[in-house]
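**Q** So that you have it, the file is model_10.cif, and it contains mmCIF, C-alpha atoms:
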```
data_model
loop_
_atom_site.label_atom_id
_atom_site.label_comp_id
_atom_site.auth_asym_id
_atom_site.auth_seq_id
_atom_site.Cartn_x
_atom_site.Cartn_y
_atom_site.Cartn_z
CA MET A 497 -66.36 -43.06 47.14
CA ALA A 498 -69.18 -42.29 44.80
CA ALA A 499 -70.80 -44.09 41.89
CA SER A 500 -68.56 -47.12 42.44
CA GLN A 501 -65.42 -44.94 42.04
CA PHE A 502 -62.47 -44.57 44.39
CA SER A 503 -60.50 -41.33 44.46
CA PRO A 504 -56.94 -41.88 45.77
CA SER A 505 -56.39 -38.16 46.08
CA ASN A 506 -59.50 -37.76 48.21
CA ALA A 507 -58.69 -40.82 50.28
CA GLY A 508 -55.14 -39.73 50.92
CA VAL A 509 -52.01 -41.74 51.53
CA GLY A 510 -52.51 -44.89 53.55
CA THR A 511 -54.40 -48.23 53.67
CA HIS A 512 -58.11 -47.91 53.18
CA THR A 513 -60.92 -50.51 53.70
CA LEU A 514 -63.49 -50.70 50.94
CA TYR A 515 -66.90 -52.29 51.46
CA TYR A 516 -69.09 -54.03 48.92
CA ASN A 517 -72.76 -54.60 49.86
CA TYR A 518 -75.21 -56.61 47.78
CA THR A 519 -78.97 -57.23 48.26
CA ASP A 520 -80.61 -60.10 46.44
CA PRO A 521 -83.55 -58.61 44.60
CA VAL A 522 -85.50 -61.87 44.86
CA THR A 523 -85.01 -62.72 48.49
CA GLY A 524 -84.21 -59.30 49.84
CA CYS A 525 -81.26 -60.75 51.69
CA THR A 526 -78.09 -58.53 52.00
CA ASP A 527 -74.46 -59.50 52.43
CA GLN A 528 -71.21 -57.49 52.72
CA GLU A 529 -67.57 -58.06 51.81
CA THR A 530 -64.54 -55.90 52.63
CA ALA A 531 -61.15 -55.34 51.02
CA THR A 532 -58.22 -52.99 51.61
CA ILE A 533 -56.45 -50.68 49.19
CA ASP A 534 -53.13 -48.98 49.72
CA VAL A 535 -52.66 -45.39 48.48
CA THR A 536 -48.93 -44.82 48.10
CA ASP A 537 -47.35 -41.38 48.37
CA LEU A 538 -46.00 -39.95 45.01
CA PRO A 539 -42.24 -39.62 44.66
CA THR A 540 -40.90 -36.10 45.15
CA VAL A 541 -39.63 -34.92 41.74
CA SER A 542 -37.79 -31.73 40.74
CA VAL A 543 -36.46 -30.75 37.34
CA GLY A 544 -34.17 -27.87 38.37
CA THR A 545 -33.58 -24.69 36.39
CA PHE A 546 -32.23 -24.36 32.86
CA ALA A 547 -29.81 -21.71 31.65
CA SER A 548 -30.90 -19.99 28.48
CA VAL A 549 -29.07 -21.09 25.34
CA CYS A 550 -28.40 -19.65 21.89
CA ALA A 551 -30.08 -20.83 18.71
CA ASP A 552 -26.83 -22.17 17.27
CA GLY A 553 -25.66 -23.69 20.55
CA PRO A 554 -24.50 -27.29 21.03
CA LEU A 555 -26.64 -30.08 22.50
CA VAL A 556 -27.60 -29.40 26.11
CA THR A 557 -27.24 -32.35 28.47
CA LEU A 558 -30.30 -32.45 30.77
CA SER A 559 -29.07 -33.59 34.19
CA THR A 560 -30.75 -31.48 36.84
CA GLY A 561 -33.78 -33.72 37.41
CA LEU A 562 -34.16 -35.49 40.77
CA PRO A 563 -34.36 -38.27 41.73
CA VAL A 564 -31.87 -39.48 39.18
CA GLY A 565 -33.22 -42.01 36.74
CA GLY A 566 -36.18 -40.23 35.27
CA THR A 567 -36.80 -39.18 31.68
CA TYR A 568 -37.04 -35.79 29.98
CA SER A 569 -39.54 -34.82 27.34
CA GLY A 570 -40.57 -31.76 25.34
CA THR A 571 -39.84 -29.96 22.07
CA GLY A 572 -36.24 -30.48 20.95
CA VAL A 573 -35.66 -33.18 23.63
CA ASN A 574 -34.09 -36.56 22.85
CA SER A 575 -35.59 -38.57 25.73
CA GLY A 576 -33.32 -41.53 25.22
CA ALA A 577 -30.14 -39.47 25.24
CA GLY A 578 -31.35 -36.94 27.78
CA THR A 579 -30.37 -33.97 25.60
CA PHE A 580 -31.96 -30.81 24.24
CA ASP A 581 -31.11 -29.56 20.72
CA PRO A 582 -31.52 -25.76 20.35
CA ASN A 583 -31.07 -26.00 16.58
CA LEU A 584 -33.94 -28.49 16.37
CA ALA A 585 -36.22 -26.60 18.73
CA GLY A 586 -35.62 -23.14 17.30
CA ILE A 587 -36.00 -19.77 18.95
CA GLY A 588 -38.53 -19.58 21.79
CA ALA A 589 -39.40 -20.72 25.34
CA TYR A 590 -40.01 -24.47 25.80
CA ILE A 591 -41.51 -26.50 28.65
CA ILE A 592 -39.18 -29.33 29.63
CA THR A 593 -40.82 -32.14 31.64
CA TYR A 594 -38.96 -34.52 33.92
CA THR A 595 -40.85 -37.73 34.83
CA TYR A 596 -39.75 -40.18 37.48
CA ASN A 597 -41.20 -43.62 38.37
CA ASP A 598 -40.32 -45.08 41.75
CA GLY A 599 -41.53 -48.52 40.74
CA THR A 600 -45.10 -47.87 41.74
CA CYS A 601 -46.01 -44.30 41.05
CA ASN A 602 -45.01 -41.66 38.49
CA ASN A 603 -44.48 -38.02 39.19
CA SER A 604 -43.16 -35.18 37.05
CA ALA A 605 -41.87 -31.63 37.24
CA THR A 606 -41.52 -28.94 34.57
CA ASN A 607 -39.51 -25.84 33.89
CA THR A 608 -38.88 -23.51 30.96
CA LEU A 609 -35.79 -23.52 28.76
CA VAL A 610 -35.31 -20.38 26.63
CA VAL A 611 -33.59 -20.47 23.22
CA ASN A 612 -32.36 -16.95 22.40
CA PRO A 613 -31.92 -15.65 18.84
CA LEU A 614 -28.51 -14.77 17.44
CA PRO A 615 -27.80 -11.03 17.10
CA ALA A 616 -28.09 -9.39 13.70
CA VAL A 617 -24.54 -8.77 12.42
CA SER A 618 -23.29 -6.97 9.33
CA PHE A 619 -19.68 -6.68 8.24
CA ALA A 620 -19.05 -3.85 5.77
CA ALA A 621 -17.16 -5.02 2.70
CA VAL A 622 -13.42 -4.31 2.64
CA GLU A 623 -12.05 -3.55 -0.80
CA ASP A 624 -8.92 -5.24 -2.06
CA GLN A 625 -5.78 -3.58 -0.76
CA CYS A 626 -2.23 -2.97 -1.94
CA VAL A 627 0.53 -4.10 0.37
CA ASN A 628 1.70 -0.49 0.84
CA ASP A 629 -1.77 0.96 1.45
CA PRO A 630 -2.30 2.77 4.75
CA ASP A 631 -4.00 0.93 7.60
CA TYR A 632 -7.73 0.40 7.07
CA THR A 633 -10.07 1.22 9.96
CA PHE A 634 -13.19 -0.96 10.08
CA THR A 635 -16.47 0.95 10.04
CA ASP A 636 -18.44 -1.60 12.07
CA SER A 637 -19.53 -1.05 15.67
CA ASN A 638 -16.64 -1.03 18.11
CA SER A 639 -18.58 -3.35 20.43
CA GLY A 640 -17.70 -6.31 18.23
CA VAL A 641 -14.35 -8.00 17.73
CA HIS A 642 -12.43 -8.08 14.45
CA SER A 643 -9.93 -10.83 13.81
CA GLY A 644 -7.73 -12.22 11.07
CA ALA A 645 -4.27 -11.78 9.61
CA GLY A 646 -3.05 -8.19 9.95
CA VAL A 647 -5.86 -7.19 12.31
CA THR A 648 -5.06 -5.26 15.48
CA GLY A 649 -8.07 -4.00 17.38
CA ASN A 650 -10.27 -2.15 14.91
CA VAL A 651 -7.59 -1.78 12.23
CA PHE A 652 -6.44 -3.96 9.31
CA SER A 653 -2.84 -3.48 8.20
CA PRO A 654 -2.15 -4.73 4.63
CA ALA A 655 1.60 -4.55 5.29
CA LEU A 656 1.27 -6.65 8.44
CA ALA A 657 -1.00 -9.18 6.71
CA GLY A 658 1.30 -9.46 3.72
CA VAL A 659 0.56 -10.30 0.10
CA GLY A 660 -2.17 -12.91 -0.36
CA THR A 661 -5.84 -13.64 0.29
CA HIS A 662 -6.88 -13.29 3.92
CA GLN A 663 -10.07 -14.09 5.82
CA LEU A 664 -11.32 -11.30 8.06
CA THR A 665 -13.98 -11.97 10.69
CA TYR A 666 -16.27 -9.71 12.70
CA THR A 667 -17.83 -11.27 15.81
CA TYR A 668 -20.54 -9.60 17.89
CA THR A 669 -21.85 -10.86 21.24
CA GLU A 670 -25.25 -9.65 22.46
CA PRO A 671 -24.64 -8.63 26.10
CA THR A 672 -28.16 -9.49 27.30
CA THR A 673 -28.13 -13.08 25.97
CA ASN A 674 -24.40 -13.72 25.52
CA CYS A 675 -25.22 -15.07 22.07
CA SER A 676 -22.61 -14.44 19.38
CA LYS A 677 -22.65 -14.30 15.63
CA ALA A 678 -19.72 -13.94 13.24
CA GLU A 679 -19.52 -12.69 9.66
CA SER A 680 -16.45 -13.28 7.51
CA GLN A 681 -15.13 -12.04 4.21
CA TRP A 682 -12.02 -12.49 2.11
CA VAL A 683 -9.74 -9.61 1.15
CA ASN A 684 -6.91 -9.66 -1.36
CA VAL A 685 -3.66 -7.86 -0.59
CA HIS A 686 -1.94 -7.25 -3.91
CA PRO A 687 1.82 -6.96 -4.38
CA LEU A 688 3.37 -3.81 -5.78
CA PRO A 689 4.36 -3.87 -9.44
CA THR A 690 7.98 -4.58 -10.26
CA VAL A 691 9.50 -1.26 -11.32
CA THR A 692 13.17 -0.49 -11.92
CA PHE A 693 14.82 2.85 -12.66
CA SER A 694 18.42 2.55 -13.81
CA SER A 695 21.04 5.09 -12.75
CA LEU A 696 21.46 8.39 -14.59
CA GLU A 697 24.84 9.65 -15.71
CA PRO A 698 25.91 13.18 -14.70
CA VAL A 699 25.18 15.82 -17.30
CA CYS A 700 26.41 19.32 -18.06
CA ALA A 701 24.38 22.49 -17.81
CA ASN A 702 24.21 22.75 -21.60
CA THR A 703 23.34 19.09 -22.23
CA GLU A 704 20.24 18.47 -24.30
CA ASP A 705 17.13 16.92 -22.73
CA VAL A 706 17.71 13.53 -21.10
CA ASN A 707 15.18 10.85 -22.11
CA LEU A 708 14.10 9.26 -18.82
CA ALA A 709 11.75 6.69 -20.38
CA SER A 710 14.70 4.62 -21.57
CA ASN A 711 15.81 4.10 -17.95
CA VAL A 712 12.65 2.39 -16.64
CA ASN A 713 11.49 -1.17 -17.28
CA VAL A 714 7.79 -0.47 -17.71
CA ALA A 715 6.09 2.38 -19.54
CA GLY A 716 3.00 4.30 -18.54
CA GLY A 717 4.13 5.81 -15.25
CA ILE A 718 4.67 9.42 -14.25
CA PHE A 719 8.04 11.14 -13.81
CA SER A 720 8.33 14.02 -11.39
CA GLY A 721 10.99 16.26 -9.89
CA THR A 722 12.75 19.54 -10.49
CA GLY A 723 13.68 19.92 -14.15
CA VAL A 724 11.32 17.18 -15.32
CA VAL A 725 9.11 17.93 -18.31
CA GLY A 726 6.95 14.98 -19.27
CA SER A 727 9.34 12.08 -19.66
CA VAL A 728 12.55 14.11 -20.07
CA PHE A 729 14.90 15.91 -17.72
CA ARG A 730 15.87 19.37 -18.95
CA PRO A 731 19.26 20.50 -17.55
CA SER A 732 18.68 24.03 -18.79
CA ASN A 733 15.73 24.37 -16.37
CA VAL A 734 17.75 23.81 -13.20
CA THR A 735 20.62 25.42 -11.33
CA PRO A 736 23.96 23.83 -12.24
CA GLY A 737 26.22 22.39 -9.58
CA GLN A 738 23.50 20.44 -7.78
CA THR A 739 22.11 16.90 -7.64
CA TYR A 740 18.39 16.40 -8.27
CA THR A 741 16.07 13.56 -7.31
CA ILE A 742 13.73 12.22 -9.98
CA SER A 743 10.77 9.98 -9.08
CA TYR A 744 8.93 7.51 -11.26
CA ALA A 745 5.50 6.29 -10.11
CA TYR A 746 3.85 3.37 -11.90
CA THR A 747 0.32 2.08 -11.17
CA ASP A 748 -0.69 -1.42 -12.27
CA GLY A 749 -4.10 -2.97 -13.04
CA ASN A 750 -4.79 -3.51 -9.33
CA THR A 751 -4.30 0.25 -8.76
CA CYS A 752 -1.17 -0.54 -6.77
CA THR A 753 1.57 2.05 -7.16
CA ARG A 754 5.30 1.66 -6.72
CA THR A 755 7.53 4.75 -6.76
CA VAL A 756 11.25 4.49 -7.50
CA THR A 757 13.82 7.26 -7.57
CA GLN A 758 17.16 8.12 -9.10
CA THR A 759 19.43 11.13 -8.83
CA ILE A 760 21.09 13.13 -11.56
CA THR A 761 23.92 15.62 -11.14
CA VAL A 762 24.05 18.71 -13.31
CA ASN A 763 27.64 19.94 -13.53
CA PRO A 764 28.31 23.64 -14.26
CA LEU A 765 30.15 24.71 -17.36
CA PRO A 766 33.77 25.75 -16.83
CA THR A 767 34.51 29.49 -16.86
CA VAL A 768 36.58 30.18 -19.99
CA ASN A 769 38.38 33.42 -20.87
CA PHE A 770 40.14 34.45 -24.06
CA ASP A 771 42.21 37.63 -23.72
CA PRO A 772 42.43 40.14 -26.63
CA LEU A 773 44.85 39.47 -29.48
CA SER A 774 47.13 42.04 -31.10
CA GLU A 775 46.79 42.88 -34.75
CA VAL A 776 49.24 41.16 -37.08
CA CYS A 777 50.55 41.71 -40.56
CA ILE A 778 49.78 39.41 -43.44
CA SER A 779 53.48 38.73 -43.80
CA GLY A 780 53.97 38.00 -40.14
CA ALA A 781 55.18 34.67 -38.85
CA ALA A 782 52.72 32.23 -37.25
CA ILE A 783 52.00 33.15 -33.63
CA THR A 784 51.38 30.80 -30.73
CA LEU A 785 47.90 31.23 -29.21
CA ASP A 786 48.14 31.26 -25.42
CA LYS A 787 45.56 33.78 -24.31
CA GLY A 788 42.88 31.23 -23.38
CA THR A 789 42.32 30.14 -19.76
CA PRO A 790 42.18 27.69 -18.13
CA PRO A 791 45.05 26.21 -20.08
CA GLY A 792 44.63 22.92 -21.83
CA GLY A 793 41.84 23.85 -24.22
CA GLN A 794 41.75 23.93 -27.99
CA TYR A 795 41.82 26.84 -30.43
CA SER A 796 39.95 26.97 -33.72
CA GLY A 797 39.15 29.41 -36.47
CA PRO A 798 40.57 30.67 -39.75
CA GLY A 799 44.33 30.21 -39.98
CA VAL A 800 44.46 28.14 -36.75
CA SER A 801 46.29 24.86 -36.47
CA THR A 802 44.50 22.87 -33.74
CA ALA A 803 47.48 20.56 -33.48
CA THR A 804 50.00 23.31 -32.68
CA SER A 805 47.68 26.05 -31.38
CA GLU A 806 49.27 28.50 -33.86
CA PHE A 807 47.69 31.20 -35.93
CA ASP A 808 49.09 31.81 -39.43
CA PRO A 809 48.14 35.27 -40.78
CA ALA A 810 48.95 34.33 -44.35
CA LEU A 811 46.71 31.25 -44.09
CA ALA A 812 43.91 33.27 -42.52
CA GLY A 813 44.14 36.09 -45.02
CA LEU A 814 43.44 39.76 -44.66
CA GLY A 815 40.66 41.01 -42.43
CA THR A 816 39.14 40.45 -39.00
CA HIS A 817 38.82 36.83 -37.95
CA ILE A 818 36.93 35.27 -35.01
CA LEU A 819 38.99 32.70 -33.12
CA THR A 820 37.45 30.32 -30.57
CA TYR A 821 39.00 28.82 -27.46
CA GLN A 822 37.16 25.77 -26.14
CA TYR A 823 37.95 24.10 -22.81
CA THR A 824 36.65 20.77 -21.44
CA ASP A 825 36.90 20.14 -17.70
CA ALA A 826 37.21 16.90 -15.70
CA ASN A 827 33.40 16.45 -15.83
CA LEU A 828 33.58 16.52 -19.64
CA CYS A 829 31.69 19.79 -19.64
CA SER A 830 32.79 22.25 -22.30
CA SER A 831 32.62 25.99 -22.67
CA SER A 832 34.23 28.44 -25.07
CA ALA A 833 35.21 32.05 -25.54
CA THR A 834 35.99 34.02 -28.67
CA GLN A 835 38.31 36.83 -29.67
CA SER A 836 38.90 38.67 -32.91
CA ILE A 837 42.24 39.11 -34.58
CA VAL A 838 42.99 41.58 -37.37
CA VAL A 839 45.34 40.66 -40.21
CA ASN A 840 46.52 43.87 -41.80
CA PRO A 841 47.77 44.18 -45.38
CA LEU A 842 51.32 45.30 -46.17
CA PRO A 843 51.58 49.01 -47.15
CA THR A 844 52.18 49.96 -50.83
CA VAL A 845 55.75 51.39 -51.00
CA ALA A 846 57.40 53.23 -53.94
CA LEU A 847 61.00 54.46 -54.33
CA ALA A 848 61.86 56.68 -57.33
CA ASP A 849 65.15 56.22 -59.19
CA PHE A 850 68.12 58.31 -58.09
CA ASP A 851 70.26 60.59 -60.32
CA GLU A 852 73.81 59.61 -60.88
CA VAL A 853 76.31 61.15 -58.47
CA CYS A 854 80.05 61.47 -58.33
CA GLU A 855 82.15 59.90 -55.72
CA ASN A 856 83.21 63.24 -54.44
CA ASP A 857 79.72 64.74 -54.37
CA GLY A 858 78.41 65.82 -51.02
CA GLN A 859 75.63 64.00 -49.09
CA ILE A 860 72.28 63.99 -50.82
CA VAL A 861 68.84 63.98 -49.18
CA LEU A 862 66.86 60.74 -49.72
CA ASN A 863 63.28 61.88 -50.06
CA ASN A 864 61.93 60.10 -53.08
CA GLY A 865 60.37 57.17 -51.12
CA ALA A 866 56.56 57.04 -50.83
CA PRO A 867 54.68 57.19 -48.70
CA SER A 868 56.88 59.51 -46.69
CA GLY A 869 57.95 58.57 -43.25
CA GLY A 870 59.81 55.44 -44.11
CA GLU A 871 63.48 54.95 -43.74
#
```
Give the structure from the file, written as structure tokens.
**A**
Amino acid sequence: MAASQFSPSNAGVGTHTLYYNYTDPVTGCTDQETATIDVTDLPTVSVGTFASVCADGPLVTLSTGLPVGGTYSGTGVNSGAGTFDPNLAGIGAYIITYTYNDGTCNNSATNTLVVNPLPAVSFAAVEDQCVNDPDYTFTDSNSGVHSGAGVTGNVFSPALAGVGTHQLTYTYTEPTTNCSKAESQWVNVHPLPTVTFSSLEPVCANTEDVNLASNVNVAGGIFSGTGVVGSVFRPSNVTPGQTYTISYAYTDGNTCTRTVTQTITVNPLPTVNFDPLSEVCISGAAITLDKGTPPGGQYSGPGVSTATSEFDPALAGLGTHILTYQYTDANLCSSSATQSIVVNPLPTVALADFDEVCENDGQIVLNNGAPSGGE
């Protein structure tokens, strides 16, 4: 005790007697009084240890302090509720104090609670997709986790997600702090355009170009395939007797492409023959034309009756005439062959008058007909 002060810490725990002496300055007489003072031991207080938390973490209930019944204080601490708010405190290391009063004396203990930052996360933008686009592989670090409709591992499948707007999320957890952060974005999966390609009728090898544009419901696409030139199919450019596949690809405003196909059969022309015809005389009777094969076709040309398949020399007239035989098969494909026929004129014949003869004259030679050689 010094300068009328008592130091409990120096005195120590226990009951101590204090003395008060006084000397009267007038008389010089001295008297003494005593009193006791109890120094009570402080309660033993511990605050425990705190696990580190993340900056966006929930409220932390502070419950490790002993003896139970004390109060917590410090940055981010709600003393009344006994909680710590990482969002309020912010990133850093904070001293948390636990104070306990045993009814007589207070004692406290402290420890540090660390608020860790969230990791820096970036999620590369994913462009809008078409429902038939190939799977899209994310370019972000493989240490994070991708999630959302159509996501499997590190891959987004537009077909699996389906048409619509989908939220994709990338979550990364920092291994040293176990703090996570997620970034999300929306991606549109567009439907394919509605494209129809009506069926194509079979054609013949000599058919003119087939206009394909009239068989699709929307213009502006691209036709492709053997025999295709622009927007037409050219039978003359392919081998007859085969079926060809024609594709039509149309791309809409979302750059989504649908491809539809049709087939077209190119039938060969029938093989048609027309055997040679004998020369005829102008005075000859009409002849039946039967030299064309296969049978069942139609003849035409000068002097020809298509109804009866007969050739009339008199109707045709003198000279060489080209006759045509045309045949159409079961595929409605036609081909033709030609032959010439010669219509000859009648010869000019003269017969001079004969002299009179008697009944009893001998045989006479008949030689006054011209040209000679007749009979």
**Q** Do you know which residues the PyMOL selection byres ((chain A and resi 726) around 12) returns on this file, as JSON, numbers by chain?
**A** {"A": [705, 706, 707, 708, 709, 716, 717, 718, 719, 720, 721, 722, 723, 724, 725, 727, 728, 729, 730, 742, 743, 744]}
**Q** Let's have the selection written as a PDB file, in the coordinates of the input, with C-alpha atoms.
**A**
```pdb
ATOM      1  CA  ASP A 705      17.130  16.920 -22.730  1.00  0.00           C
ATOM      2  CA  VAL A 706      17.710  13.530 -21.100  1.00  0.00           C
ATOM      3  CA  ASN A 707      15.180  10.850 -22.110  1.00  0.00           C
ATOM      4  CA  LEU A 708      14.100   9.260 -18.820  1.00  0.00           C
ATOM      5  CA  ALA A 709      11.750   6.690 -20.380  1.00  0.00           C
ATOM      6  CA  GLY A 716       3.000   4.300 -18.540  1.00  0.00           C
ATOM      7  CA  GLY A 717       4.130   5.810 -15.250  1.00  0.00           C
ATOM      8  CA  ILE A 718       4.670   9.420 -14.250  1.00  0.00           C
ATOM      9  CA  PHE A 719       8.040  11.140 -13.810  1.00  0.00           C
ATOM     10  CA  SER A 720       8.330  14.020 -11.390  1.00  0.00           C
ATOM     11  CA  GLY A 721      10.990  16.260  -9.890  1.00  0.00           C
ATOM     12  CA  THR A 722      12.750  19.540 -10.490  1.00  0.00           C
ATOM     13  CA  GLY A 723      13.680  19.920 -14.150  1.00  0.00           C
ATOM     14  CA  VAL A 724      11.320  17.180 -15.320  1.00  0.00           C
ATOM     15  CA  VAL A 725       9.110  17.930 -18.310  1.00  0.00           C
ATOM     16  CA  SER A 727       9.340  12.080 -19.660  1.00  0.00           C
ATOM     17  CA  VAL A 728      12.550  14.110 -20.070  1.00  0.00           C
ATOM     18  CA  PHE A 729      14.900  15.910 -17.720  1.00  0.00           C
ATOM     19  CA  ARG A 730      15.870  19.370 -18.950  1.00  0.00           C
ATOM     20  CA  ILE A 742      13.730  12.220  -9.980  1.00  0.00           C
ATOM     21  CA  SER A 743      10.770   9.980  -9.080  1.00  0.00           C
ATOM     22  CA  TYR A 744       8.930   7.510 -11.260  1.00  0.00           C
TER      23      TYR A 744
END
```
**Q** What does the PyMOL selection byres ((chain A and resi 607-613) around 7) select in this file, as an MDAnalysis selection string?
**A** chainID A and resid 543 545:551 582 586:593 606 614:615 673
**Q** Measuring between only C-alpha atoms, which one of A:Ser653, A:Thr757, A:Thr672, A:Gln738 shows the shortest distance to A:Leu696?
**A**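 Smallest separation from A:Leu696 among the options: A:Thr757.
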**Q** Select, from A:Ala655, A:Ala803, A:Cys854, A:Val641, the residue with the minimum atom-to-atom distance to A:Val627, counting only C-alpha atoms.
**A**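 Closest to A:Val627 of all the choices is A:Ala655.
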**Q** Quick one: which residues end up in the PyMOL selection byres ((chain A and resi 629) around 10) for this structure, as a list in words?
**A**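 Those residues are Gln625, Cys626, Val627, Asn628, Pro630, Asp631, Tyr632, Ser653, Pro654, Ala655, Val685, His686, Cys752 and Thr753 of chain A.
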**Q** Any idea what's packed within 12 Å of A:Pro790, counting only C-alpha atoms, ignoring anything in its chain fewer than 2 positions away? Could you give it as a PyMOL selection string?
**A** chain A and resi 766-771+786-788+792-794+821-825+830-833
**Q** For atom CA of A:Tyr594 and atom CA of A:Gly572, quote the distance in Å rounded to one decimal.
**A**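 Result for atom CA of A:Tyr594 versus atom CA of A:Gly572: 13.9 Å, one decimal.
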**Q** Report the distance between atom CA of A:Ala577 and atom CA of A:Lys677 in Å, rounded to one decimal place.
**A**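 About the pair atom CA of A:Ala577 and atom CA of A:Lys677: they are 28.0 Å apart.
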**Q** To one decimal place in Å, what is the distance between atom CA of A:Thr747 and atom CA of A:Ser680?
**A**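 Taking atom CA of A:Thr747 as the start and atom CA of A:Ser680 as the end point, the length is 29.4 Å.
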**Q** For each of A:Thr530, A:Asn583, A:Thr755, A:Asn763, take the minimum atom-to-atom distance to A:Pro736, counting all atoms listed in the file, then give the residue where this is smallest.
**A** A:Asn763
**Q** Using only C-alpha atoms, pick whichever of A:Ala810, A:Ala605, A:Val617, A:Leu847 has the shortest atom-to-atom distance to A:Ser569.
**A**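 Closest to A:Ser569 of all the choices is A:Ala605.
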